[in-house]
$ cat protein.pdb   # PDB, C-alpha atoms
ATOM      1  CA  MET A   1      57.317-120.754   3.819
ATOM      2  CA  ARG A   2      54.304-118.647   2.795
ATOM      3  CA  VAL A   3      55.051-115.795   0.389
ATOM      4  CA  GLN A   4      52.241-113.270   0.818
ATOM      5  CA  PRO A   5      51.991-109.690  -0.543
ATOM      6  CA  VAL A   6      50.964-107.069   2.006
ATOM      7  CA  TYR A   7      47.626-105.513   1.108
ATOM      8  CA  ASN A   8      47.886-102.253  -0.834
ATOM      9  CA  ILE A   9      51.627-101.676  -0.383
ATOM     10  CA  PRO A  10      54.637-102.991  -2.377
ATOM     11  CA  ALA A  11      55.923-105.346   0.313
ATOM     12  CA  LEU A  12      55.942-109.091   1.013
ATOM     13  CA  LYS A  13      55.685-111.099   4.182
ATOM     14  CA  VAL A  14      57.445-114.442   4.150
ATOM     15  CA  ASP A  15      56.566-115.938   7.532
ATOM     16  CA  ASP A  16      58.339-113.548   9.957
ATOM     17  CA  ILE A  17      60.344-111.740   7.224
ATOM     18  CA  PHE A  18      59.318-108.382   5.753
ATOM     19  CA  VAL A  19      60.577-107.953   2.165
ATOM     20  CA  ILE A  20      60.882-104.733   0.152
ATOM     21  CA  ALA A  21      62.858-103.678  -2.925
ATOM     22  CA  ASP A  22      64.179-100.569  -4.668
ATOM     23  CA  LEU A  23      64.140 -97.784  -2.071
ATOM     24  CA  HIS A  24      66.261 -95.379  -4.146
ATOM     25  CA  ILE A  25      66.815 -93.051  -1.202
ATOM     26  CA  GLY A  26      68.135 -89.805  -2.653
ATOM     27  CA  ILE A  27      66.010 -89.759  -5.791
ATOM     28  CA  GLU A  28      64.762 -86.282  -4.862
ATOM     29  CA  THR A  29      68.299 -84.932  -5.359
ATOM     30  CA  HIS A  30      68.375 -86.519  -8.804
ATOM     31  CA  LEU A  31      65.029 -84.957  -9.670
ATOM     32  CA  MET A  32      66.169 -81.573  -8.380
ATOM     33  CA  SER A  33      68.941 -81.613 -10.982
ATOM     34  CA  LYS A  34      66.155 -81.874 -13.584
ATOM     35  CA  GLY A  35      64.270 -78.876 -12.215
ATOM     36  CA  LEU A  36      61.807 -80.665  -9.910
ATOM     37  CA  ASN A  37      61.784 -79.475  -6.301
ATOM     38  CA  LEU A  38      60.316 -82.241  -4.115
ATOM     39  CA  GLU A  39      60.361 -83.024  -0.409
ATOM     40  CA  SER A  40      62.095 -86.223   0.697
ATOM     41  CA  ARG A  41      59.830 -89.274   0.976
ATOM     42  CA  THR A  42      62.230 -91.299   3.129
ATOM     43  CA  ASP A  43      60.213 -90.699   6.310
ATOM     44  CA  GLU A  44      57.090 -91.726   4.415
ATOM     45  CA  MET A  45      58.712 -95.057   3.506
ATOM     46  CA  PHE A  46      59.751 -95.618   7.113
ATOM     47  CA  ASN A  47      56.222 -94.910   8.353
ATOM     48  CA  CYS A  48      54.797 -97.342   5.794
ATOM     49  CA  ILE A  49      57.069-100.090   7.156
ATOM     50  CA  LEU A  50      56.204 -99.153  10.742
ATOM     51  CA  GLU A  51      52.473 -99.400  10.055
ATOM     52  CA  ASN A  52      52.637-102.719   8.219
ATOM     53  CA  PHE A  53      55.469-104.915   9.523
ATOM     54  CA  GLY A  54      53.180-106.695  11.999
ATOM     55  CA  SER A  55      55.018-109.470  13.845
ATOM     56  CA  CYS A  56      57.944-109.669  11.401
ATOM     57  CA  ASN A  57      61.343-109.548  13.110
ATOM     58  CA  ARG A  58      63.581-109.610  10.033
ATOM     59  CA  LEU A  59      63.821-107.210   7.101
ATOM     60  CA  VAL A  60      65.202-108.155   3.675
ATOM     61  CA  VAL A  61      65.812-105.318   1.206
ATOM     62  CA  LEU A  62      66.203-106.500  -2.377
ATOM     63  CA  GLY A  63      68.729-103.905  -3.455
ATOM     64  CA  ASP A  64      68.968-100.329  -4.649
ATOM     65  CA  VAL A  65      68.882 -98.733  -1.234
ATOM     66  CA  LYS A  66      70.555 -95.626  -2.675
ATOM     67  CA  ASP A  67      69.788 -93.827  -5.912
ATOM     68  CA  THR A  68      72.951 -92.080  -7.110
ATOM     69  CA  VAL A  69      75.294 -94.002  -9.422
ATOM     70  CA  PRO A  70      78.159 -93.272  -9.645
ATOM     71  CA  GLY A  71      78.964 -91.471  -6.417
ATOM     72  CA  SER A  72      76.608 -90.445  -3.631
ATOM     73  CA  SER A  73      74.559 -87.388  -2.772
ATOM     74  CA  LYS A  74      74.419 -85.357   0.449
ATOM     75  CA  GLN A  75      70.860 -86.562   0.866
ATOM     76  CA  GLU A  76      72.011 -90.203   0.853
ATOM     77  CA  TYR A  77      74.773 -89.511   3.380
ATOM     78  CA  LYS A  78      72.240 -87.826   5.651
ATOM     79  CA  GLU A  79      69.168 -90.042   5.313
ATOM     80  CA  ILE A  80      70.337 -93.636   4.805
ATOM     81  CA  PRO A  81      72.128 -94.057   8.185
ATOM     82  CA  ILE A  82      69.194 -92.550  10.110
ATOM     83  CA  PHE A  83      66.664 -94.624   8.149
ATOM     84  CA  PHE A  84      68.371 -97.910   9.034
ATOM     85  CA  GLU A  85      69.069 -96.934  12.658
ATOM     86  CA  ARG A  86      65.335 -96.416  13.031
ATOM     87  CA  LEU A  87      64.601 -99.741  11.329
ATOM     88  CA  LEU A  88      66.880-101.519  13.805
ATOM     89  CA  GLY A  89      64.449-100.387  16.474
ATOM     90  CA  ILE A  90      61.808-102.530  14.728
ATOM     91  CA  PHE A  91      63.699-105.522  13.324
ATOM     92  CA  GLU A  92      66.192-107.825  15.038
ATOM     93  CA  ASN A  93      67.951-108.523  11.722
ATOM     94  CA  ILE A  94      68.281-106.560   8.494
ATOM     95  CA  ASP A  95      69.753-107.968   5.273
ATOM     96  CA  ILE A  96      70.414-105.992   2.104
ATOM     97  CA  VAL A  97      70.935-107.914  -1.128
ATOM     98  CA  ARG A  98      73.226-105.632  -3.089
ATOM     99  CA  GLY A  99      71.669-103.913  -6.118
ATOM    100  CA  ASN A 100      73.286-102.172  -9.046
ATOM    101  CA  HIS A 101      72.875 -98.768  -7.325
ATOM    102  CA  ASP A 102      74.455 -99.934  -4.057
ATOM    103  CA  THR A 103      78.121 -99.103  -4.645
ATOM    104  CA  ASN A 104      79.906 -98.589  -1.295
ATOM    105  CA  ILE A 105      76.587 -99.006   0.518
ATOM    106  CA  GLU A 106      78.381-100.398   3.593
ATOM    107  CA  LYS A 107      79.704 -96.972   4.597
ATOM    108  CA  PHE A 108      76.137 -95.690   4.977
ATOM    109  CA  LEU A 109      74.879 -98.500   7.211
ATOM    110  CA  PRO A 110      74.958 -99.360  10.923
ATOM    111  CA  LYS A 111      77.207-102.349  11.666
ATOM    112  CA  ARG A 112      74.270-104.616  12.492
ATOM    113  CA  VAL A 113      72.937-104.349   8.935
ATOM    114  CA  VAL A 114      74.336-107.181   6.776
ATOM    115  CA  VAL A 115      75.044-106.638   3.077
ATOM    116  CA  ARG A 116      74.615-109.801   1.008
ATOM    117  CA  PRO A 117      76.052-110.509  -2.468
ATOM    118  CA  SER A 118      74.185-109.570  -5.644
ATOM    119  CA  SER A 119      73.938-113.274  -6.499
ATOM    120  CA  GLY A 120      71.449-113.603  -3.653
ATOM    121  CA  ILE A 121      70.696-115.471  -0.445
ATOM    122  CA  ILE A 122      68.388-118.291   0.658
ATOM    123  CA  ILE A 123      66.341-118.138   3.842
ATOM    124  CA  GLY A 124      64.370-121.305   4.403
ATOM    125  CA  ASP A 125      63.144-122.413   0.984
ATOM    126  CA  VAL A 126      62.944-118.899  -0.506
ATOM    127  CA  GLY A 127      65.712-117.231  -2.512
ATOM    128  CA  TYR A 128      66.192-113.455  -2.674
ATOM    129  CA  ILE A 129      68.010-111.470  -5.370
ATOM    130  CA  HIS A 130      67.969-107.904  -6.652
ATOM    131  CA  GLY A 131      67.859-109.079 -10.253
ATOM    132  CA  HIS A 132      70.550-107.224 -12.205
ATOM    133  CA  VAL A 133      72.927-110.235 -12.246
ATOM    134  CA  TRP A 134      72.437-113.987 -12.476
ATOM    135  CA  PRO A 135      71.569-115.720  -9.192
ATOM    136  CA  SER A 136      74.025-118.240  -7.802
ATOM    137  CA  GLU A 137      73.578-121.970  -8.294
ATOM    138  CA  ASP A 138      72.781-122.297  -4.575
ATOM    139  CA  VAL A 139      70.059-119.639  -4.769
ATOM    140  CA  MET A 140      68.518-121.382  -7.782
ATOM    141  CA  ASN A 141      68.072-124.426  -5.557
ATOM    142  CA  CYS A 142      65.234-122.703  -3.670
ATOM    143  CA  GLU A 143      61.488-123.321  -3.913
ATOM    144  CA  THR A 144      60.489-119.728  -4.698
ATOM    145  CA  LEU A 145      62.719-116.941  -6.046
ATOM    146  CA  VAL A 146      61.869-113.342  -5.097
ATOM    147  CA  MET A 147      63.433-110.448  -7.020
ATOM    148  CA  GLY A 148      63.235-106.677  -7.498
ATOM    149  CA  HIS A 149      64.992-104.389 -10.022
ATOM    150  CA  GLU A 150      62.229-104.383 -12.651
ATOM    151  CA  HIS A 151      59.894-101.775 -11.055
ATOM    152  CA  PRO A 152      56.894-103.519 -12.685
ATOM    153  CA  VAL A 153      53.746-101.602 -13.544
ATOM    154  CA  VAL A 154      50.770-102.581 -15.696
ATOM    155  CA  MET A 155      49.421-100.160 -18.281
ATOM    156  CA  PHE A 156      45.716 -99.529 -18.844
ATOM    157  CA  GLU A 157      44.068 -97.909 -21.855
ATOM    158  CA  ASP A 158      40.590 -96.388 -21.805
ATOM    159  CA  GLY A 159      38.092 -96.044 -24.645
ATOM    160  CA  ILE A 160      39.621 -92.812 -25.970
ATOM    161  CA  GLY A 161      43.174 -94.146 -25.929
ATOM    162  CA  LYS A 162      44.355 -92.472 -22.714
ATOM    163  CA  ARG A 163      46.898 -94.621 -20.873
ATOM    164  CA  SER A 164      47.746 -94.864 -17.195
ATOM    165  CA  THR A 165      49.810 -97.254 -15.073
ATOM    166  CA  GLU A 166      49.548 -99.017 -11.724
ATOM    167  CA  GLN A 167      52.200-100.862  -9.740
ATOM    168  CA  CYS A 168      51.889-104.619  -9.894
ATOM    169  CA  TRP A 169      53.277-107.954  -8.776
ATOM    170  CA  ILE A 170      54.275-110.662 -11.235
ATOM    171  CA  ARG A 171      53.983-114.269 -10.086
ATOM    172  CA  GLY A 172      54.807-117.247 -12.256
ATOM    173  CA  SER A 173      56.733-120.451 -12.802
ATOM    174  CA  PHE A 174      60.100-121.566 -14.098
ATOM    175  CA  VAL A 175      60.036-123.712 -17.199
ATOM    176  CA  SER A 176      63.707-124.450 -17.765
ATOM    177  CA  GLY A 177      67.212-124.192 -16.442
ATOM    178  CA  ARG A 178      68.902-125.590 -19.521
ATOM    179  CA  LYS A 179      72.591-126.230 -18.971
ATOM    180  CA  LYS A 180      73.182-123.039 -16.979
ATOM    181  CA  PHE A 181      71.520-124.323 -13.793
ATOM    182  CA  LEU A 182      71.306-127.894 -12.544
ATOM    183  CA  ARG A 183      68.209-127.039 -10.519
ATOM    184  CA  ARG A 184      65.594-124.297 -10.665
ATOM    185  CA  PRO A 185      62.856-122.938  -8.387
ATOM    186  CA  ARG A 186      59.241-123.891  -8.903
ATOM    187  CA  SER A 187      58.041-120.281  -8.901
ATOM    188  CA  PHE A 188      59.124-116.635  -8.939
ATOM    189  CA  VAL A 189      57.787-113.319  -7.672
ATOM    190  CA  ILE A 190      58.815-109.913  -9.064
ATOM    191  CA  VAL A 191      58.392-107.228  -6.412
ATOM    192  CA  PRO A 192      57.306-103.652  -7.289
ATOM    193  CA  SER A 193      59.486-100.768  -6.097
ATOM    194  CA  PHE A 194      58.887 -99.663  -2.528
ATOM    195  CA  ASN A 195      59.595 -96.054  -3.458
ATOM    196  CA  ARG A 196      56.483 -95.124  -5.399
ATOM    197  CA  MET A 197      58.113 -92.025  -6.873
ATOM    198  CA  LEU A 198      60.004 -94.251  -9.282
ATOM    199  CA  GLY A 199      57.153 -95.070 -11.592
ATOM    200  CA  GLY A 200      58.075 -98.167 -13.555
ATOM    201  CA  SER A 201      58.321-100.137 -16.762
ATOM    202  CA  PRO A 202      55.029-101.464 -18.212
ATOM    203  CA  VAL A 203      55.021-105.256 -18.370
ATOM    204  CA  ASN A 204      52.168-105.503 -20.878
ATOM    205  CA  ILE A 205      53.324-103.553 -23.920
ATOM    206  CA  ASN A 206      54.071-105.353 -27.142
ATOM    207  CA  GLY A 207      57.830-105.648 -27.610
ATOM    208  CA  GLY A 208      58.670-104.401 -24.112
ATOM    209  CA  LYS A 209      61.767-105.806 -22.445
ATOM    210  CA  PHE A 210      62.776-106.469 -18.882
ATOM    211  CA  LEU A 211      66.079-105.359 -17.370
ATOM    212  CA  GLY A 212      67.648-108.357 -15.631
ATOM    213  CA  PRO A 213      69.320-111.339 -17.286
ATOM    214  CA  LEU A 214      67.169-113.954 -15.571
ATOM    215  CA  VAL A 215      63.880-112.313 -16.497
ATOM    216  CA  ASN A 216      65.070-111.886 -20.088
ATOM    217  CA  SER A 217      66.040-115.559 -20.315
ATOM    218  CA  GLU A 218      63.983-118.515 -21.485
ATOM    219  CA  PHE A 219      63.845-119.888 -17.935
ATOM    220  CA  LEU A 220      60.681-118.029 -16.846
ATOM    221  CA  ASP A 221      57.206-118.654 -18.233
ATOM    222  CA  LEU A 222      56.262-114.994 -18.510
ATOM    223  CA  ASP A 223      53.374-115.570 -20.911
ATOM    224  CA  ASN A 224      51.476-117.496 -18.242
ATOM    225  CA  ALA A 225      52.685-115.408 -15.294
ATOM    226  CA  HIS A 226      49.891-113.634 -13.440
ATOM    227  CA  VAL A 227      49.794-109.884 -12.874
ATOM    228  CA  HIS A 228      48.374-108.732  -9.535
ATOM    229  CA  LEU A 229      47.585-105.180  -8.439
ATOM    230  CA  LEU A 230      48.615-104.004  -4.963
ATOM    231  CA  ASP A 231      45.033-104.411  -3.734
ATOM    232  CA  GLY A 232      45.183-108.111  -4.612
ATOM    233  CA  ILE A 233      43.192-108.090  -7.857
ATOM    234  CA  ASP A 234      44.443-110.784 -10.233
ATOM    235  CA  LEU A 235      44.383-109.317 -13.739
ATOM    236  CA  GLY A 236      45.165-112.672 -15.296
ATOM    237  CA  ARG A 237      47.962-113.895 -17.532
ATOM    238  CA  MET A 238      50.503-111.407 -18.810
ATOM    239  CA  SER A 239      50.079-112.594 -22.401
ATOM    240  CA  ASP A 240      46.359-111.731 -22.247
ATOM    241  CA  LEU A 241      47.066-108.147 -21.145
ATOM    242  CA  ILE A 242      49.408-107.037 -23.928
ATOM    243  CA  LEU A 243      48.541-103.633 -25.416
ATOM    244  CA  PRO A 244      49.285-102.608 -29.011
ATOM    245  CA  THR A 245      52.808-101.489 -29.822
ATOM    246  CA  CYS A 246      53.906 -98.115 -28.481
ATOM    247  CA  HIS A 247      57.282 -96.436 -28.259
ATOM    248  CA  ARG A 248      58.909 -97.635 -25.059
ATOM    249  CA  GLN A 249      60.157 -94.204 -24.004
ATOM    250  CA  LYS A 250      56.615 -92.831 -24.284
ATOM    251  CA  CYS A 251      55.148 -95.790 -22.411
ATOM    252  CA  LYS A 252      57.728 -95.714 -19.651
ATOM    253  CA  ARG A 253      56.492 -93.557 -16.820
ATOM    254  CA  SER A 254      59.711 -93.484 -14.822
ATOM    255  CA  LEU A 255      61.236 -90.551 -12.960
ATOM    256  CA  GLY A 256      64.329 -92.202 -11.594
ATOM    257  CA  LYS A 257      65.110 -95.444 -13.430
TER
END

$ encode --input "protein.pdb" --output "structure tokens"
Amino acid sequence: MRVQPVYNIPALKVDDIFVIADLHIGIETHLMSKGLNLESRTDEMFNCILENFGSCNRLVVLGDVKDTVPGSSKQEYKEIPIFFERLLGIFENIDIVRGNHDTNIEKFLPKRVVVRPSSGIIIGDVGYIHGHVWPSEDVMNCETLVMGHEHPVVMFEDGIGKRSTEQCWIRGSFVSGRKKFLRRPRSFVIVPSFNRMLGGSPVNINGGKFLGPLVNSEFLDLDNAHVHLLDGIDLGRMSDLILPTCHRQKCKRSLGK
């Protein structure tokens, strides 16, 4: 199966499957509690899918459909059911791999939407996980593992020291499974968040850490993983992009993590 990023948006096409991660519907309510008054972007996310799904007939969401944890907001109760009813007018099948924000997500969804375990699923030779827990042994028996959760961005620094970030993909290889896994995929892809209001965690700062157990393990060759911008530009190996040390909270441009 061909795993191909969609040009200029944080989505993948895997043959006839459209893959997105980290919707965080309801983040505007969270931001309102911090004094920011923003319009909902849920319709904007739907329109982005509508304009780009092409001939795909299946949607896989890699977790964190909702934003509020614990509990749920009025915005989530209102917008999530309508969002997925509209998506069922586009896709024959919709799968959600449960993320760490998706407590009780079933009560928000139409019956035709299938919620999969956090340990992931395999479709063809591709495995899909959110990324906040270890994948299952079965999922690790795939050819390519696709995951979300990390909200990856790459940080740039100009000649006067001003820093900015851009969303990015991370694509690389597995180097080990040690005794934890009998088999391992050949490659992995870390998917940027579909909700662009989230910002993200810079992947190229000295001493920066990822969130999920698999990405923080010795199983992935992150040094040689390639960082790609949404427009397809390959920035090269992650280890060649590392910026000097900065305080992680200052580097982290994240509104809703």

$ closest_atom_pairs --input "protein.pdb" --of "segment 124-205 of chain A" --to "segment 9-12 of chain A" --cutoff "7 Å" --atoms "all atoms listed in the file" --output "Markdown table"
| residue | atom | partner | partner_atom | distance |
| --- | --- | --- | --- | --- |
| A:Val191 | CA | A:Pro10 | CA | 7.0 |
| A:Pro192 | CA | A:Pro10 | CA | 5.6 |
| A:Ser193 | CA | A:Pro10 | CA | 6.5 |
| A:Phe194 | CA | A:Pro10 | CA | 5.4 |

$ resolve_selection --input "protein.pdb" --expression "the PyMOL selection byres ((chain A and resi 85) around 12)" --output "PyMOL selection string"
chain A and resi 46+78-84+86-94+108-113

$ atom_distance --input "protein.pdb" --atom1 "atom CA of Asn100 of chain A" --atom2 "atom CA of Lys66 of chain A"
9.5 Å

$ residues_around --input "protein.pdb" --residues "His101 of chain A" --least-positions-apart "3" --cutoff "7 Å" --atoms "all atoms listed in the file" --output "short mmCIF file (atom, residue, chain, number, x, y, z; two decimals) with C-alpha atoms, keeping the file's coordinate frame"
data_model
loop_
_atom_site.label_atom_id
_atom_site.label_comp_id
_atom_site.auth_asym_id
_atom_site.auth_seq_id
_atom_site.Cartn_x
_atom_site.Cartn_y
_atom_site.Cartn_z
CA ASP A 64 68.97 -100.33 -4.65
CA LYS A 66 70.56 -95.63 -2.68
CA ASP A 67 69.79 -93.83 -5.91
CA THR A 68 72.95 -92.08 -7.11
CA VAL A 69 75.29 -94.00 -9.42
#

$ atom_distance --input "protein.pdb" --atom1 "atom CA of Leu235 of chain A" --atom2 "atom CA of Ile122 of chain A"
29.4 Å

$ resolve_selection --input "protein.pdb" --expression "the PyMOL selection byres ((chain A and resi 115) around 9)" --output "PyMOL selection string"
chain A and resi 94-98+105-106+113-114+116-117

$ write_last_selection --input "protein.pdb" --atoms "C-alpha atoms" --output "PDB file, keeping the file's coordinate frame"
ATOM      1  CA  ILE A  94      68.281-106.560   8.494  1.00  0.00           C
ATOM      2  CA  ASP A  95      69.753-107.968   5.273  1.00  0.00           C
ATOM      3  CA  ILE A  96      70.414-105.992   2.104  1.00  0.00           C
ATOM      4  CA  VAL A  97      70.935-107.914  -1.128  1.00  0.00           C
ATOM      5  CA  ARG A  98      73.226-105.632  -3.089  1.00  0.00           C
ATOM      6  CA  ILE A 105      76.587 -99.006   0.518  1.00  0.00           C
ATOM      7  CA  GLU A 106      78.381-100.398   3.593  1.00  0.00           C
ATOM      8  CA  VAL A 113      72.937-104.349   8.935  1.00  0.00           C
ATOM      9  CA  VAL A 114      74.336-107.181   6.776  1.00  0.00           C
ATOM     10  CA  ARG A 116      74.615-109.801   1.008  1.00  0.00           C
ATOM     11  CA  PRO A 117      76.052-110.509  -2.468  1.00  0.00           C
TER      12      PRO A 117
END

$ resolve_selection --input "protein.pdb" --expression "the PyMOL selection byres ((chain A and resi 75) around 9)" --output "number ranges by chain"
A: 25-29, 40, 72-74, 76-80

$ residues_around --input "protein.pdb" --residues "Ser136 of chain A" --least-positions-apart "5" --cutoff "9 Å" --atoms "only C-alpha atoms" --output "MDAnalysis selection string"
chainID A and resid 118:121 141 181

$ write_last_selection --input "protein.pdb" --atoms "C-alpha atoms" --output "mmCIF file, keeping the file's coordinate frame"
data_model
loop_
_atom_site.group_PDB
_atom_site.id
_atom_site.type_symbol
_atom_site.label_atom_id
_atom_site.label_comp_id
_atom_site.auth_asym_id
_atom_site.auth_seq_id
_atom_site.Cartn_x
_atom_site.Cartn_y
_atom_site.Cartn_z
ATOM 1 C CA SER A 118 74.185 -109.570 -5.644
ATOM 2 C CA SER A 119 73.938 -113.274 -6.499
ATOM 3 C CA GLY A 120 71.449 -113.603 -3.653
ATOM 4 C CA ILE A 121 70.696 -115.471 -0.445
ATOM 5 C CA ASN A 141 68.072 -124.426 -5.557
ATOM 6 C CA PHE A 181 71.520 -124.323 -13.793
#

$ build_atoms --input "protein.pdb" --residues "segment 94-115 of chain A" --atoms "N, CA, C and O atoms" --output "PDB file, in the coordinates of the input"
ATOM      1  N   ILE A  94      68.516-107.215   9.777  1.00  0.00           N
ATOM      2  CA  ILE A  94      68.281-106.560   8.494  1.00  0.00           C
ATOM      3  C   ILE A  94      69.331-107.043   7.505  1.00  0.00           C
ATOM      4  O   ILE A  94      70.534-106.988   7.777  1.00  0.00           O
ATOM      5  N   ASP A  95      68.870-107.535   6.354  1.00  0.00           N
ATOM      6  CA  ASP A  95      69.753-107.968   5.273  1.00  0.00           C
ATOM      7  C   ASP A  95      69.474-107.116   4.042  1.00  0.00           C
ATOM      8  O   ASP A  95      68.316-106.868   3.700  1.00  0.00           O
ATOM      9  N   ILE A  96      70.534-106.696   3.379  1.00  0.00           N
ATOM     10  CA  ILE A  96      70.414-105.992   2.104  1.00  0.00           C
ATOM     11  C   ILE A  96      71.097-106.827   1.034  1.00  0.00           C
ATOM     12  O   ILE A  96      72.291-107.130   1.136  1.00  0.00           O
ATOM     13  N   VAL A  97      70.350-107.241   0.031  1.00  0.00           N
ATOM     14  CA  VAL A  97      70.935-107.914  -1.128  1.00  0.00           C
ATOM     15  C   VAL A  97      71.386-106.818  -2.085  1.00  0.00           C
ATOM     16  O   VAL A  97      70.573-106.024  -2.554  1.00  0.00           O
ATOM     17  N   ARG A  98      72.664-106.770  -2.357  1.00  0.00           N
ATOM     18  CA  ARG A  98      73.226-105.632  -3.089  1.00  0.00           C
ATOM     19  C   ARG A  98      72.594-105.480  -4.477  1.00  0.00           C
ATOM     20  O   ARG A  98      72.472-106.439  -5.231  1.00  0.00           O
ATOM     21  N   GLY A  99      72.202-104.237  -4.797  1.00  0.00           N
ATOM     22  CA  GLY A  99      71.669-103.913  -6.118  1.00  0.00           C
ATOM     23  C   GLY A  99      72.688-103.157  -6.948  1.00  0.00           C
ATOM     24  O   GLY A  99      73.780-102.808  -6.460  1.00  0.00           O
ATOM     25  N   ASN A 100      72.346-102.860  -8.164  1.00  0.00           N
ATOM     26  CA  ASN A 100      73.286-102.172  -9.046  1.00  0.00           C
ATOM     27  C   ASN A 100      73.525-100.718  -8.658  1.00  0.00           C
ATOM     28  O   ASN A 100      74.504-100.100  -9.095  1.00  0.00           O
ATOM     29  N   HIS A 101      72.661-100.132  -7.813  1.00  0.00           N
ATOM     30  CA  HIS A 101      72.875 -98.768  -7.325  1.00  0.00           C
ATOM     31  C   HIS A 101      73.635 -98.730  -5.998  1.00  0.00           C
ATOM     32  O   HIS A 101      73.923 -97.633  -5.508  1.00  0.00           O
ATOM     33  N   ASP A 102      73.948 -99.884  -5.434  1.00  0.00           N
ATOM     34  CA  ASP A 102      74.455 -99.934  -4.057  1.00  0.00           C
ATOM     35  C   ASP A 102      75.976 -99.971  -3.955  1.00  0.00           C
ATOM     36  O   ASP A 102      76.534-100.688  -3.118  1.00  0.00           O
ATOM     37  N   THR A 103      76.662 -99.194  -4.767  1.00  0.00           N
ATOM     38  CA  THR A 103      78.121 -99.103  -4.645  1.00  0.00           C
ATOM     39  C   THR A 103      78.484 -98.459  -3.300  1.00  0.00           C
ATOM     40  O   THR A 103      77.901 -97.450  -2.904  1.00  0.00           O
ATOM     41  N   ASN A 104      79.414 -99.094  -2.594  1.00  0.00           N
ATOM     42  CA  ASN A 104      79.906 -98.589  -1.295  1.00  0.00           C
ATOM     43  C   ASN A 104      78.781 -98.391  -0.277  1.00  0.00           C
ATOM     44  O   ASN A 104      78.874 -97.526   0.597  1.00  0.00           O
ATOM     45  N   ILE A 105      77.729 -99.186  -0.369  1.00  0.00           N
ATOM     46  CA  ILE A 105      76.587 -99.006   0.518  1.00  0.00           C
ATOM     47  C   ILE A 105      76.962 -99.250   1.980  1.00  0.00           C
ATOM     48  O   ILE A 105      76.357 -98.684   2.897  1.00  0.00           O
ATOM     49  N   GLU A 106      78.001-100.057   2.214  1.00  0.00           N
ATOM     50  CA  GLU A 106      78.381-100.398   3.593  1.00  0.00           C
ATOM     51  C   GLU A 106      78.698 -99.159   4.427  1.00  0.00           C
ATOM     52  O   GLU A 106      78.418 -99.123   5.634  1.00  0.00           O
ATOM     53  N   LYS A 107      79.288 -98.144   3.818  1.00  0.00           N
ATOM     54  CA  LYS A 107      79.704 -96.972   4.597  1.00  0.00           C
ATOM     55  C   LYS A 107      78.517 -96.126   5.063  1.00  0.00           C
ATOM     56  O   LYS A 107      78.681 -95.234   5.894  1.00  0.00           O
ATOM     57  N   PHE A 108      77.329 -96.420   4.565  1.00  0.00           N
ATOM     58  CA  PHE A 108      76.137 -95.690   4.977  1.00  0.00           C
ATOM     59  C   PHE A 108      75.379 -96.400   6.104  1.00  0.00           C
ATOM     60  O   PHE A 108      74.449 -95.830   6.665  1.00  0.00           O
ATOM     61  N   LEU A 109      75.738 -97.643   6.410  1.00  0.00           N
ATOM     62  CA  LEU A 109      74.879 -98.500   7.211  1.00  0.00           C
ATOM     63  C   LEU A 109      75.419 -98.738   8.617  1.00  0.00           C
ATOM     64  O   LEU A 109      76.641 -98.839   8.818  1.00  0.00           O
ATOM     65  N   PRO A 110      74.528 -98.889   9.602  1.00  0.00           N
ATOM     66  CA  PRO A 110      74.958 -99.360  10.923  1.00  0.00           C
ATOM     67  C   PRO A 110      75.583-100.754  10.810  1.00  0.00           C
ATOM     68  O   PRO A 110      75.257-101.525   9.899  1.00  0.00           O
ATOM     69  N   LYS A 111      76.463-101.087  11.748  1.00  0.00           N
ATOM     70  CA  LYS A 111      77.207-102.349  11.666  1.00  0.00           C
ATOM     71  C   LYS A 111      76.302-103.571  11.726  1.00  0.00           C
ATOM     72  O   LYS A 111      76.648-104.629  11.186  1.00  0.00           O
ATOM     73  N   ARG A 112      75.155-103.462  12.357  1.00  0.00           N
ATOM     74  CA  ARG A 112      74.270-104.616  12.492  1.00  0.00           C
ATOM     75  C   ARG A 112      73.555-104.970  11.190  1.00  0.00           C
ATOM     76  O   ARG A 112      72.982-106.056  11.073  1.00  0.00           O
ATOM     77  N   VAL A 113      73.562-104.065  10.223  1.00  0.00           N
ATOM     78  CA  VAL A 113      72.937-104.349   8.935  1.00  0.00           C
ATOM     79  C   VAL A 113      73.920-105.148   8.082  1.00  0.00           C
ATOM     80  O   VAL A 113      75.072-104.760   7.918  1.00  0.00           O
ATOM     81  N   VAL A 114      73.464-106.274   7.528  1.00  0.00           N
ATOM     82  CA  VAL A 114      74.336-107.181   6.776  1.00  0.00           C
ATOM     83  C   VAL A 114      74.078-107.010   5.285  1.00  0.00           C
ATOM     84  O   VAL A 114      72.936-107.109   4.824  1.00  0.00           O
ATOM     85  N   VAL A 115      75.150-106.756   4.530  1.00  0.00           N
ATOM     86  CA  VAL A 115      75.044-106.638   3.077  1.00  0.00           C
ATOM     87  C   VAL A 115      75.380-107.987   2.448  1.00  0.00           C
ATOM     88  O   VAL A 115      76.443-108.551   2.688  1.00  0.00           O
TER      89      VAL A 115
END
